[in-house]
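Encoded as structure tokens, the structure appears first; notes follow it.
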Number of protein chains: 2
Amino acid sequence: MNPVEEQLPQVRVDVVIFTLRESQLQVLLVQNKLDDGYTPAHTWKLPGKALEADKALESAAYNAVEEWIGERETYLEQLYTYGNLDRDPGGRVISVVYYALIPIDASSKPLPQNPELTAHWSDVNQLPKLALDHKAILEYGLRRLRYKLEYSAVGFQLLPEEFTLSEIQQTYEIILGEKLDKRNFRRRILEAKIIEAMPRRRGGEGRPARLYRYREDAVAEVKARRLFP
Amino acid sequence: MNPVEEQLPQVRVDVVIFTLRESQLQVLLVQNKLDDGYTPAHTWKLPGKALEADKALESAAYNAVEEWIGERETYLEQLYTYGNLDRDPGGRVISVVYYALIPIDASSKPLPQNPELTAHWSDVNQLPKLALDHKAILEYGLRRLRYKLEYSAVGFQLLPEEFTLSEIQQTYEIILGEKLDKRNFRRRILEAKIIEAMPRRRGGEGRPARLYRYREDAVAEVKARRLFP
DNA sequence: CCAAAAGTGTTTGCTCTACACCCATGG
DNA sequence: CCATGGGTGTAGAGCAAACACTTTTGG
């Protein structure tokens, strides 16, 4: 091992890509087609790539999302950096992990092909066995998403540009895993002034629903309740 | 440049070390004694070190704290990983930044000597000019600390093992930068059952104050107020 | 006219906030 | 006995939670 290799650990950028599909919160996972010496074929992992010398961290994360989703304009946030010595049997690897939220319409397209990997959406409540520490990473991402959903407006990042009040409420119910009161929900979301009504309505079964869109200028963080006054 | 050097960016671990001193929230900063080619002598920076091949990230952060504080048993939490291309003129450097909280008594000892650096505690409200992106890093650390103080019990990490109710309240007031109501503060902290009274009292001027200590088994996170019900 | 989903207010309880005086000790 | 900081309770306002029926459309 030369001195440079010894000093510099390998850096990867991995991404937890969440979306809503089939009325579930789902996450993108990849499987390698062939055994690479360290991982047997068909091992499930989070998508990601080795960090290239000329890429900023965040931009590498956007690239990893774009590779599978075909879209750079997604919500992206750094999750955590994992750097234990023994987390990867293939050597010393540091993973800077981001999580992304993909709106319903962008995630309903078929996933692209890749010569080495296959990708699938997987329900967060029915995950396959994941390699390395990826299960722990994913669970942490899920915890952060649920937590953030409660005090900020990230939920809108999972919806298309226009949506109905029932659709937002369902989004919240799916992610939080509990039923919410319709009248209270509507009152609060309207009082918060973070969405605006559109002229159109959406038909379908039952009475047509008013469409709304998220106001880009919205201030949508609520102060945390204090432990002490 | 050989291919390995090109592929692997340098990884550093930096730490924002907070403490309470002189009734202020202070942070540890270091100054290089000599010009190293990139940074002129006496430039202020956050303490930290290049990541060694055989050190886990977190353990490297504990080492960086121990080097200056002489103590490993401190509160430590990962803050963020900075990885823009141009953040360090000396080359491509990724900084995994942690923040640490040092109790009053451990930070009142004199700081150790180092052949290349001098260290000083600096008031967070009167910071010197900092190199690179370290000002932004420090401000983010401060924001996180203030935020976390409100909904969790990290504040106790800045106090010695035994403390009076007035001391905790002062801690909160210093960090949040606002006065708090004594009766409300005491009622809430006692109702939360996260501290327990000790038999001793502390004398001094005025009526002696009851001593308390933090209960290790305390569940001290308050649920965030929800944006939606 | 029936099924399906959208839309709409009020009451009750609880939590948060504001606020002022007596107590114990040391000098 | 005086100065200093420690310790204590209550009333009013604002916020949160529970709850059921009417409306609009398509088939």
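Chain labels A, B, ... are given in the sequence in which chains occur in the structure tokens; within each chain residues are numbered consecutively from 1, and ligands are likewise numbered from 1 in the order shown.
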Residues of chain D that approach chain B to 8 Å or less, counting only C-alpha atoms (C1' of nucleotides): could you list each one with the shortest pair of atoms and its distance in Å to one decimal, rows by chain and increasing residue number, as CSV?
residue,atom,partner,partner_atom,distance
D:DA3,C1',B:Gly206,CA,8.0
D:DT4,C1',B:Gly206,CA,4.3
D:DG5,C1',B:Gly206,CA,4.7
D:DG6,C1',B:Arg207,CA,5.6
D:DT8,C1',B:Arg183,CA,7.8
Could those residues be written to a file, using C-alpha atoms (C1' of nucleotides), as a tab-separated table (two decimals), in the first residue's frame?
chain	number	residue	atom	x	y	z
D	3	DA	C1'	-27.93	42.44	51.73
D	4	DT	C1'	-28.10	38.64	48.72
D	5	DG	C1'	-29.84	35.13	46.17
D	6	DG	C1'	-33.38	31.03	46.90
D	8	DT	C1'	-42.94	29.53	46.02
Review point. Out of stretch 4-184 of chain A, which residues get helix (DSSP H, G or I) from DSSP, as JSON, numbers by chain?
Key: {"A": [4, 5, 6, 7, 57, 58, 59, 60, 61, 62, 63, 64, 65, 66, 67, 68, 69, 104, 105, 106, 107, 134, 135, 136, 137, 138, 139, 140, 141, 142, 143, 144, 145, 146, 147, 148, 149, 150, 151, 154, 155, 156, 157, 158, 165, 166, 167, 168, 169, 170, 171, 172, 173, 174, 175, 176, 182, 183, 184]}
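Interatomic distance, atom CA of A:Tyr99 against atom CA of A:Phe18: 7.4 Å.
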**Study point:** Surrounding residues of B:Arg188 excluding itself and chain neighbours under 3 positions, 12 Å, only C-alpha atoms (C1' of nucleotides), as a PyMOL selection string
**Key:** (chain A and resi 226-229) or (chain B and resi 165+169+180-185+191-195+220+222) or (chain C and resi 15-16)
Check your understanding: Tell me, which residues of stretch 47-193 of chain B carry DSSP strand (DSSP E), written as a PyMOL selection string?
Key -> chain B and resi 48-50+75-82+93-102+117-123+162-164
**Study point:** Distance filter 12 Å, only C-alpha atoms (C1' of nucleotides), chain C against chain A, as number ranges by chain
**Key:** C: 2-10, 15-17
Same residues, C-alpha atoms (C1' of nucleotides), output as an mmCIF file, in the first residue's frame:
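Once everything was written out, this is part-v2.cif:
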data_model
loop_
_atom_site.group_PDB
_atom_site.id
_atom_site.type_symbol
_atom_site.label_atom_id
_atom_site.label_comp_id
_atom_site.auth_asym_id
_atom_site.auth_seq_id
_atom_site.Cartn_x
_atom_site.Cartn_y
_atom_site.Cartn_z
ATOM 1 C "C1'" DC C 2 -77.616 6.966 -5.002
ATOM 2 C "C1'" DA C 3 -72.692 6.588 -4.098
ATOM 3 C "C1'" DA C 4 -68.544 8.950 -3.294
ATOM 4 C "C1'" DA C 5 -65.623 12.333 -1.788
ATOM 5 C "C1'" DA C 6 -65.449 17.509 -0.538
ATOM 6 C "C1'" DG C 7 -66.327 20.844 2.429
ATOM 7 C "C1'" DT C 8 -67.530 23.326 6.800
ATOM 8 C "C1'" DG C 9 -67.853 25.568 13.066
ATOM 9 C "C1'" DT C 10 -68.294 25.161 17.723
ATOM 10 C "C1'" DT C 15 -51.338 24.577 28.418
ATOM 11 C "C1'" DC C 16 -48.775 28.733 28.501
ATOM 12 C "C1'" DT C 17 -47.817 33.160 30.408
#
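Shortest separation to chain B among A:Leu25, A:Val15, A:Leu51, A:Met198 occurs at residue A:Leu51, atoms counted being only C-alpha atoms.
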Practice item. Would you work out the distance separating atom CA of A:Ala153 from atom CA of A:Leu190, expressed in Å to one decimal? Key: 12.9 Å
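Every protein, DNA or RNA residue with an atom at most 10 Å from stretch 127-137 of chain B, where only C-alpha atoms (C1' of nucleotides) count and chain neighbours fewer than 6 positions away do not, is listed here: Asp14, Val15, Val16, Gln26, Val27, Leu29, Val30, Gln31, Thr39, Pro40, Thr43, Trp44, Lys45, Leu46, Leu79, Tyr80, Thr81, Tyr82, Asp86, Arg87, Asp88, Pro89, Val97, Trp121 and Arg143 of chain B.
Counting from atom CA of A:Ala100, the distance to atom CA of A:Glu216 is 18.4 Å.
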Point to revise | Shortest interatomic distance to chain B - which of A:Arg92, A:Arg200, A:Arg215, A:Lys33, counting only C-alpha atoms | key: A:Arg92
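Nearest to A:Leu145 of all the residues A:Leu111, A:Leu28, A:Ile168, A:Ile175 is A:Ile175, based on only C-alpha atoms.
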